[in-house]
>>> print(open('protein-v9.txt').read())   # compact mmCIF, C-alpha atoms
# COMPACT_ATOMS: atom_id res chain seq x y z
CA MET Q 23 97.83 115.83 86.21
CA LYS Q 24 98.55 119.56 85.89
CA THR Q 25 95.55 121.84 85.40
CA ILE Q 26 96.75 122.94 81.95
CA GLU Q 27 97.16 119.31 80.85
CA THR Q 28 93.65 118.54 82.07
CA LYS Q 29 92.24 121.46 80.07
CA ARG Q 30 94.14 120.40 76.96
CA MET Q 31 92.87 116.85 77.30
CA GLU Q 32 89.30 118.07 77.71
CA MET Q 33 89.67 120.26 74.62
CA CYS Q 34 90.83 117.35 72.49
CA ILE Q 35 87.85 115.32 73.68
CA ARG Q 36 85.40 118.17 72.96
CA VAL Q 37 86.74 118.68 69.44
CA GLY Q 38 86.40 114.99 68.69
CA GLU Q 39 82.87 114.82 70.12
CA ASN Q 40 81.66 117.81 68.05
CA ARG Q 41 82.46 116.34 64.65
CA GLN Q 42 78.82 116.43 63.57
CA ALA Q 43 78.67 120.16 64.24
CA PHE Q 44 81.18 120.87 61.45
CA PRO Q 45 80.11 118.68 58.51
CA LEU Q 46 81.89 120.79 55.88
CA ALA Q 47 85.18 120.30 57.70
CA ALA Q 48 84.61 116.55 57.85
CA ALA Q 49 83.49 115.99 54.25
CA GLU Q 50 84.21 112.52 52.91
CA GLY Q 51 87.66 112.26 51.38
CA SER Q 52 88.87 115.54 52.89
CA ARG Q 53 91.83 116.09 55.13
CA GLY Q 54 89.39 117.20 57.80
CA ALA Q 55 87.75 113.78 57.79
CA GLU Q 56 91.16 112.16 58.15
CA ILE Q 57 92.00 114.41 61.07
CA TYR Q 58 88.74 113.64 62.85
CA ASP Q 59 89.45 109.92 62.46
CA GLU Q 60 92.98 110.35 63.79
CA LEU Q 61 91.73 112.55 66.60
CA GLY Q 62 89.18 109.94 67.60
CA GLN Q 63 91.98 107.40 67.97
CA ALA Q 64 94.13 109.95 69.79
CA VAL Q 65 91.34 110.66 72.27
CA GLU Q 66 90.99 106.95 73.08
CA GLU Q 67 94.73 106.76 73.68
CA ILE Q 68 94.60 109.90 75.85
CA ARG Q 69 91.83 108.41 77.98
CA SER Q 70 93.77 105.17 78.36
CA SER Q 71 96.95 107.01 79.33
CA ALA Q 72 95.02 109.23 81.77
CA TYR Q 73 93.69 106.08 83.45
CA GLU Q 74 97.19 104.61 83.73
CA GLN Q 75 98.50 107.85 85.18
CA SER Q 76 95.66 107.93 87.72
CA ARG Q 77 96.45 104.36 88.75
CA ALA Q 78 100.13 105.23 89.13
CA GLN Q 79 99.33 108.26 91.28
CA SER Q 80 97.01 106.17 93.46
CA SER Q 81 99.73 103.57 93.84
CA VAL Q 82 102.20 106.21 95.03
CA ARG Q 83 99.70 107.53 97.59
CA GLU Q 84 99.15 104.01 98.84
CA ILE Q 85 102.83 103.25 99.37
CA SER Q 86 103.29 106.65 101.04
CA ALA Q 87 100.87 105.54 103.75
CA THR Q 88 102.85 102.31 104.15
CA ILE Q 89 106.09 104.27 104.47
CA GLU Q 90 104.59 106.51 107.15
CA ALA Q 91 103.47 103.53 109.20
CA ALA Q 92 106.84 101.75 108.78
CA ARG Q 93 108.74 104.87 109.80
CA GLU Q 94 106.56 105.37 112.87
CA GLU Q 95 107.25 101.79 113.97
CA LEU Q 96 110.98 102.21 113.43
CA GLU Q 97 110.97 105.49 115.37
CA ARG Q 98 109.05 103.81 118.19
CA GLN Q 99 111.62 101.04 118.53
CA LEU Q 100 114.56 103.43 118.35
CA ASP Q 101 113.00 105.69 120.97
CA ALA Q 102 112.40 102.75 123.30
CA ILE Q 103 116.01 101.61 122.97
CA ARG Q 104 117.35 105.12 123.49
CA LYS Q 105 115.32 105.74 126.63
CA THR Q 106 116.21 102.33 128.03
CA VAL Q 107 119.93 102.88 127.39
CA ARG Q 108 119.74 106.26 129.12
CA SER Q 109 118.09 104.65 132.15
CA THR Q 110 121.10 102.35 132.65
CA GLY Q 111 123.47 105.23 133.31
CA ILE Q 112 126.17 103.50 131.24
CA THR Q 113 128.78 106.09 130.33
CA GLY Q 114 129.70 106.87 126.74
CA THR Q 115 126.24 106.20 125.29
CA GLU Q 116 124.99 109.79 125.01
CA GLU Q 117 126.66 110.39 121.64
CA LYS Q 118 125.81 106.96 120.24
CA PHE Q 119 122.05 106.82 120.68
CA LEU Q 120 120.90 110.02 119.01
CA PRO Q 121 117.20 111.01 118.74
CA ALA Q 122 115.40 109.69 115.67
CA ARG Q 123 112.95 112.57 115.29
CA ALA Q 124 113.31 114.74 112.17
CA VAL Q 125 116.01 112.46 110.74
CA PRO Q 126 115.74 111.98 106.93
CA ASP Q 127 114.56 108.60 105.68
CA GLN Q 128 117.98 107.28 104.66
CA GLY Q 129 119.43 108.64 107.88
CA MET Q 130 116.86 106.58 109.78
CA LEU Q 131 118.19 103.42 108.18
CA THR Q 132 121.75 104.32 109.14
CA LEU Q 133 120.64 105.18 112.66
CA ALA Q 134 118.88 101.84 113.03
CA ARG Q 135 122.04 99.92 112.04
CA THR Q 136 124.07 102.01 114.48
CA TYR Q 137 121.60 101.42 117.30
CA GLY Q 138 121.71 97.68 116.77
CA ASN Q 139 125.50 97.51 116.75
CA ASP Q 140 125.95 99.84 119.72
CA ALA Q 141 123.30 98.13 121.85
CA PHE Q 142 124.64 94.63 121.39
CA PRO Q 143 127.46 94.83 124.00
CA PHE Q 144 124.97 95.49 126.81
CA LYS Q 145 121.94 93.73 125.40
CA ALA Q 146 121.42 91.79 128.62
CA GLU Q 147 121.10 94.98 130.65
CA LEU Q 148 118.49 96.33 128.28
CA VAL Q 149 116.48 93.11 128.28
CA LYS Q 150 116.47 93.25 132.08
CA ARG Q 151 114.78 96.63 131.74
CA GLY Q 152 111.88 95.34 129.68
CA LEU Q 153 113.05 95.30 126.07
CA GLY Q 154 112.22 92.07 124.28
CA ALA Q 155 114.87 89.38 124.09
CA ASP Q 156 114.94 89.83 120.29
CA PHE Q 157 114.79 93.63 120.27
CA ILE Q 158 117.89 93.93 118.06
CA ASN Q 159 116.45 91.51 115.52
CA ASP Q 160 113.09 93.29 115.74
CA LEU Q 161 114.87 96.57 115.02
CA SER Q 162 116.56 95.02 112.00
CA GLU Q 163 113.24 93.74 110.65
CA ALA Q 164 111.58 97.14 111.14
CA SER Q 165 114.49 98.77 109.32
CA GLN Q 166 114.22 96.30 106.44
CA ALA Q 167 110.47 96.90 106.17
CA PHE Q 168 111.04 100.66 106.03
CA ASP Q 169 113.82 100.27 103.44
CA ALA Q 170 111.64 97.99 101.29
CA ALA Q 171 108.80 100.51 101.39
CA LEU Q 172 111.14 103.33 100.35
CA ASN Q 173 112.43 101.25 97.43
CA GLU Q 174 108.89 100.41 96.39
CA ARG Q 175 107.95 104.07 96.42
CA SER Q 176 110.93 104.86 94.20
CA GLN Q 177 109.78 102.25 91.67
CA ARG Q 178 106.19 103.47 91.75
CA LEU Q 179 107.29 107.07 91.32
CA GLY Q 180 109.23 105.95 88.25
CA ARG Q 181 106.09 104.38 86.83
CA GLN Q 182 104.13 107.54 87.60
CA VAL Q 183 106.69 109.71 85.81
CA GLY Q 184 106.58 107.38 82.82
CA ALA Q 185 102.78 107.40 82.72
CA THR Q 186 102.71 111.20 82.93
CA ALA Q 187 105.23 111.55 80.11
CA GLU Q 188 103.20 109.15 77.96
CA LEU Q 189 100.00 111.08 78.64
CA GLU Q 190 101.64 114.40 77.80
CA HIS Q 191 102.90 112.93 74.53
CA LYS Q 192 99.40 111.71 73.62
CA ILE Q 193 97.85 115.07 74.51
CA GLU Q 194 100.42 116.90 72.40
CA ARG Q 195 99.48 114.75 69.42
CA GLY Q 196 95.81 115.58 69.99
CA LEU Q 197 96.65 119.29 70.16
CA ARG Q 198 98.52 119.18 66.86
CA LEU Q 199 95.54 117.53 65.19
CA ALA Q 200 93.11 120.04 66.71
CA ARG Q 201 95.23 122.97 65.53
CA GLU Q 202 95.37 121.59 62.00
CA LEU Q 203 91.64 120.99 62.07
CA GLY Q 204 91.12 124.56 63.26
CA VAL Q 205 92.71 125.88 60.07
CA ILE Q 206 90.30 123.81 57.98
CA VAL Q 207 87.25 124.85 60.00
CA ARG Q 208 88.12 128.54 59.66
CA ASN Q 209 88.60 128.12 55.92
CA VAL Q 210 85.37 126.25 55.15
CA TYR Q 211 83.28 128.37 57.54
CA ALA Q 212 84.92 131.72 56.79
CA ASP Q 213 81.51 133.25 56.04
CA ASP Q 214 79.65 131.64 58.95
CA PRO Q 215 80.23 133.62 62.17
CA ALA Q 216 78.04 131.25 64.18
CA LYS Q 217 80.11 128.21 63.24
CA LEU Q 218 83.35 130.08 63.86
CA ALA Q 219 82.12 131.15 67.30
CA LEU Q 220 81.12 127.57 68.06
CA TRP Q 221 84.56 126.34 67.02
CA GLU Q 222 86.28 128.89 69.25
CA SER Q 223 84.16 127.66 72.14
CA VAL Q 224 84.84 123.98 71.43
CA ALA Q 225 88.58 124.44 70.82
CA HIS Q 226 89.19 126.80 73.70
CA VAL Q 227 91.74 125.68 76.29
>>> encode(input="protein-v9.txt", output="structure tokens")
Amino acid sequence: MKTIETKRMEMCIRVGENRQAFPLAAAEGSRGAEIYDELGQAVEEIRSSAYEQSRAQSSVREISATIEAAREELERQLDAIRKTVRSTGITGTEEKFLPARAVPDQGMLTLARTYGNDAFPFKAELVKRGLGADFINDLSEASQAFDAALNERSQRLGRQVGATAELEHKIERGLRLARELGVIVRNVYADDPAKLALWESVAHV
């Protein structure tokens, strides 16, 4: 959550919690009382949305760690294949088996498919040099795991964006209520500097 959104959320909560400090603004049957009731509900919704946003952010961080591990494994396999191919001295392979370092995520997936296809014709020579008998299939599985993690991150980021938008909407509603309440407080406490100062402190963002 952005710092300004956090401060706005905290302000809405403070205003709601200080209802008893402004009894004239919350007199029974007044608009102020209605606003405090609505603000109390808004604050509960804000807290719920903030929790959902926090969960979404945590979920994105979690999948990011999974992506990093999956990418490292894919890079390891690609590097092993590349070095093994180079050790064979087979001509025409220099331009096919390019380094995997610093390649973008989607480029890694393309590179993995290319490696598998280009290595197949001389698979036997590579196995003789220590690569596993199923190294092409292993590469495919590592690529699929990396792709699945990337797709999962995309979905989780979508949920995070949605949760953030929902929270911002709830906070904006709380702000509108607090602003309206501020007009009432200033009217009913126009001759009470102490109350006005307290309100400015409570409603400060």
>>> closest_residue(input="protein-v9.txt", among="Q:Cys34, Q:Leu220, Q:Ala146, Q:Met130", to="Tyr58 (chain Q)", atoms="all atoms listed in the file")
Q:Cys34
>>> axis_aligned_box(input="protein-v9.txt", around="region 159-163 of chain Q", padding_each_side="6 Å", output="lines of an AutoDock Vina configuration file")
center_x = 114.8
center_y = 94.0
center_z = 113.2
size_x = 15.5
size_y = 17.1
size_z = 17.1
>>> closest_residue(input="protein-v9.txt", among="Q:Ile193, Q:Val149, Q:Ile26, Q:Leu46", to="Ile68 (chain Q)", atoms="all atoms listed in the file")
Q:Ile193
>>> atom_distance(input="protein-v9.txt", atom1="CA of Ser71 (chain Q)", atom2="CA of Leu189 (chain Q)")
5.1 Å
>>> residues_around(input="protein-v9.txt", residues="Glu147 (chain Q)", least_positions_apart="4", cutoff="12 Å", atoms="only C-alpha atoms", output="PyMOL selection string")
chain Q and resi 103+106-112+141-143+151-155
>>> closest_residue(input="protein-v9.txt", among="Q:Ser176, Q:Thr136, Q:Asn40, Q:Thr88", to="Ala225 (chain Q)", atoms="all atoms listed in the file")
Q:Asn40
>>> atom_distance(input="protein-v9.txt", atom1="CA of Lys105 (chain Q)", atom2="CA of Leu148 (chain Q)")
10.1 Å
>>> atom_distance(input="protein-v9.txt", atom1="CA of Arg135 (chain Q)", atom2="CA of Asp169 (chain Q)")
11.9 Å
>>> residues_near_point(input="protein-v9.txt", point="(98.0, 105.2, 87.3)", cutoff="10 Å", atoms="only C-alpha atoms", output="list in words")
Ser70, Ser71, Ala72, Tyr73, Glu74, Gln75, Ser76, Arg77, Ala78, Gln79, Ser80, Ser81, Val82, Arg178, Arg181, Gln182, Val183, Gly184, Ala185 and Thr186 of chain Q
>>> decode(input="protein-v9.txt", residues="region 88-160 of chain Q", atoms="C-alpha atoms", output="PDB file, in the first residue's frame")
ATOM      1  CA  THR Q  88       9.266 -19.954  -6.778  1.00  0.00           C
ATOM      2  CA  ILE Q  89       9.957 -18.272 -10.117  1.00  0.00           C
ATOM      3  CA  GLU Q  90      13.520 -17.474  -9.098  1.00  0.00           C
ATOM      4  CA  ALA Q  91      14.186 -21.077  -8.134  1.00  0.00           C
ATOM      5  CA  ALA Q  92      12.555 -22.426 -11.330  1.00  0.00           C
ATOM      6  CA  ARG Q  93      14.574 -20.039 -13.483  1.00  0.00           C
ATOM      7  CA  GLU Q  94      17.818 -20.989 -11.762  1.00  0.00           C
ATOM      8  CA  GLU Q  95      17.129 -24.673 -12.432  1.00  0.00           C
ATOM      9  CA  LEU Q  96      16.309 -23.984 -16.078  1.00  0.00           C
ATOM     10  CA  GLU Q  97      19.467 -21.899 -16.469  1.00  0.00           C
ATOM     11  CA  ARG Q  98      21.503 -24.691 -14.873  1.00  0.00           C
ATOM     12  CA  GLN Q  99      20.224 -27.273 -17.344  1.00  0.00           C
ATOM     13  CA  LEU Q 100      20.698 -24.989 -20.339  1.00  0.00           C
ATOM     14  CA  ASP Q 101      24.236 -24.155 -19.249  1.00  0.00           C
ATOM     15  CA  ALA Q 102      25.100 -27.834 -18.834  1.00  0.00           C
ATOM     16  CA  ILE Q 103      23.799 -28.642 -22.310  1.00  0.00           C
ATOM     17  CA  ARG Q 104      25.608 -25.689 -23.869  1.00  0.00           C
ATOM     18  CA  LYS Q 105      28.956 -26.566 -22.306  1.00  0.00           C
ATOM     19  CA  THR Q 106      28.572 -30.227 -23.221  1.00  0.00           C
ATOM     20  CA  VAL Q 107      27.721 -29.376 -26.840  1.00  0.00           C
ATOM     21  CA  ARG Q 108      30.774 -27.109 -27.041  1.00  0.00           C
ATOM     22  CA  SER Q 109      32.980 -29.925 -25.745  1.00  0.00           C
ATOM     23  CA  THR Q 110      31.991 -32.156 -28.690  1.00  0.00           C
ATOM     24  CA  GLY Q 111      33.510 -29.818 -31.250  1.00  0.00           C
ATOM     25  CA  ILE Q 112      30.533 -30.392 -33.562  1.00  0.00           C
ATOM     26  CA  THR Q 113      30.494 -27.623 -36.146  1.00  0.00           C
ATOM     27  CA  GLY Q 114      27.532 -25.314 -36.605  1.00  0.00           C
ATOM     28  CA  THR Q 115      26.434 -25.348 -32.961  1.00  0.00           C
ATOM     29  CA  GLU Q 116      27.938 -22.028 -31.843  1.00  0.00           C
ATOM     30  CA  GLU Q 117      24.977 -19.966 -33.069  1.00  0.00           C
ATOM     31  CA  LYS Q 118      22.353 -22.439 -31.880  1.00  0.00           C
ATOM     32  CA  PHE Q 119      23.206 -22.833 -28.213  1.00  0.00           C
ATOM     33  CA  LEU Q 120      23.297 -19.248 -26.992  1.00  0.00           C
ATOM     34  CA  PRO Q 121      24.013 -18.316 -23.341  1.00  0.00           C
ATOM     35  CA  ALA Q 122      20.957 -18.181 -21.082  1.00  0.00           C
ATOM     36  CA  ARG Q 123      22.230 -15.477 -18.735  1.00  0.00           C
ATOM     37  CA  ALA Q 124      20.368 -12.145 -18.770  1.00  0.00           C
ATOM     38  CA  VAL Q 125      17.723 -13.503 -21.151  1.00  0.00           C
ATOM     39  CA  PRO Q 126      14.162 -12.256 -20.347  1.00  0.00           C
ATOM     40  CA  ASP Q 127      11.739 -14.759 -18.859  1.00  0.00           C
ATOM     41  CA  GLN Q 128       9.773 -15.432 -22.049  1.00  0.00           C
ATOM     42  CA  GLY Q 129      13.023 -15.603 -23.978  1.00  0.00           C
ATOM     43  CA  MET Q 130      14.161 -18.335 -21.603  1.00  0.00           C
ATOM     44  CA  LEU Q 131      11.164 -20.442 -22.558  1.00  0.00           C
ATOM     45  CA  THR Q 132      11.915 -19.992 -26.250  1.00  0.00           C
ATOM     46  CA  LEU Q 133      15.574 -20.793 -25.664  1.00  0.00           C
ATOM     47  CA  ALA Q 134      14.674 -23.986 -23.828  1.00  0.00           C
ATOM     48  CA  ARG Q 135      12.515 -25.208 -26.729  1.00  0.00           C
ATOM     49  CA  THR Q 136      15.309 -24.370 -29.166  1.00  0.00           C
ATOM     50  CA  TYR Q 137      17.898 -26.193 -27.076  1.00  0.00           C
ATOM     51  CA  GLY Q 138      15.763 -29.315 -26.941  1.00  0.00           C
ATOM     52  CA  ASN Q 139      15.143 -29.382 -30.683  1.00  0.00           C
ATOM     53  CA  ASP Q 140      18.732 -28.598 -31.638  1.00  0.00           C
ATOM     54  CA  ALA Q 141      20.246 -31.117 -29.217  1.00  0.00           C
ATOM     55  CA  PHE Q 142      18.109 -34.033 -30.327  1.00  0.00           C
ATOM     56  CA  PRO Q 143      20.119 -34.954 -33.479  1.00  0.00           C
ATOM     57  CA  PHE Q 144      23.251 -35.646 -31.426  1.00  0.00           C
ATOM     58  CA  LYS Q 145      21.650 -36.660 -28.160  1.00  0.00           C
ATOM     59  CA  ALA Q 146      23.726 -39.837 -27.985  1.00  0.00           C
ATOM     60  CA  GLU Q 147      26.977 -37.873 -28.085  1.00  0.00           C
ATOM     61  CA  LEU Q 148      25.834 -35.668 -25.241  1.00  0.00           C
ATOM     62  CA  VAL Q 149      24.699 -38.603 -23.108  1.00  0.00           C
ATOM     63  CA  LYS Q 150      28.132 -40.151 -23.616  1.00  0.00           C
ATOM     64  CA  ARG Q 151      29.555 -37.006 -22.047  1.00  0.00           C
ATOM     65  CA  GLY Q 152      27.565 -37.306 -18.846  1.00  0.00           C
ATOM     66  CA  LEU Q 153      24.187 -35.730 -19.518  1.00  0.00           C
ATOM     67  CA  GLY Q 154      21.293 -37.845 -18.306  1.00  0.00           C
ATOM     68  CA  ALA Q 155      19.567 -40.121 -20.785  1.00  0.00           C
ATOM     69  CA  ASP Q 156      16.387 -38.043 -20.368  1.00  0.00           C
ATOM     70  CA  PHE Q 157      18.067 -34.628 -20.382  1.00  0.00           C
ATOM     71  CA  ILE Q 158      15.803 -33.320 -23.163  1.00  0.00           C
ATOM     72  CA  ASN Q 159      12.686 -34.399 -21.289  1.00  0.00           C
ATOM     73  CA  ASP Q 160      14.135 -32.963 -18.075  1.00  0.00           C
TER      74      ASP Q 160
END
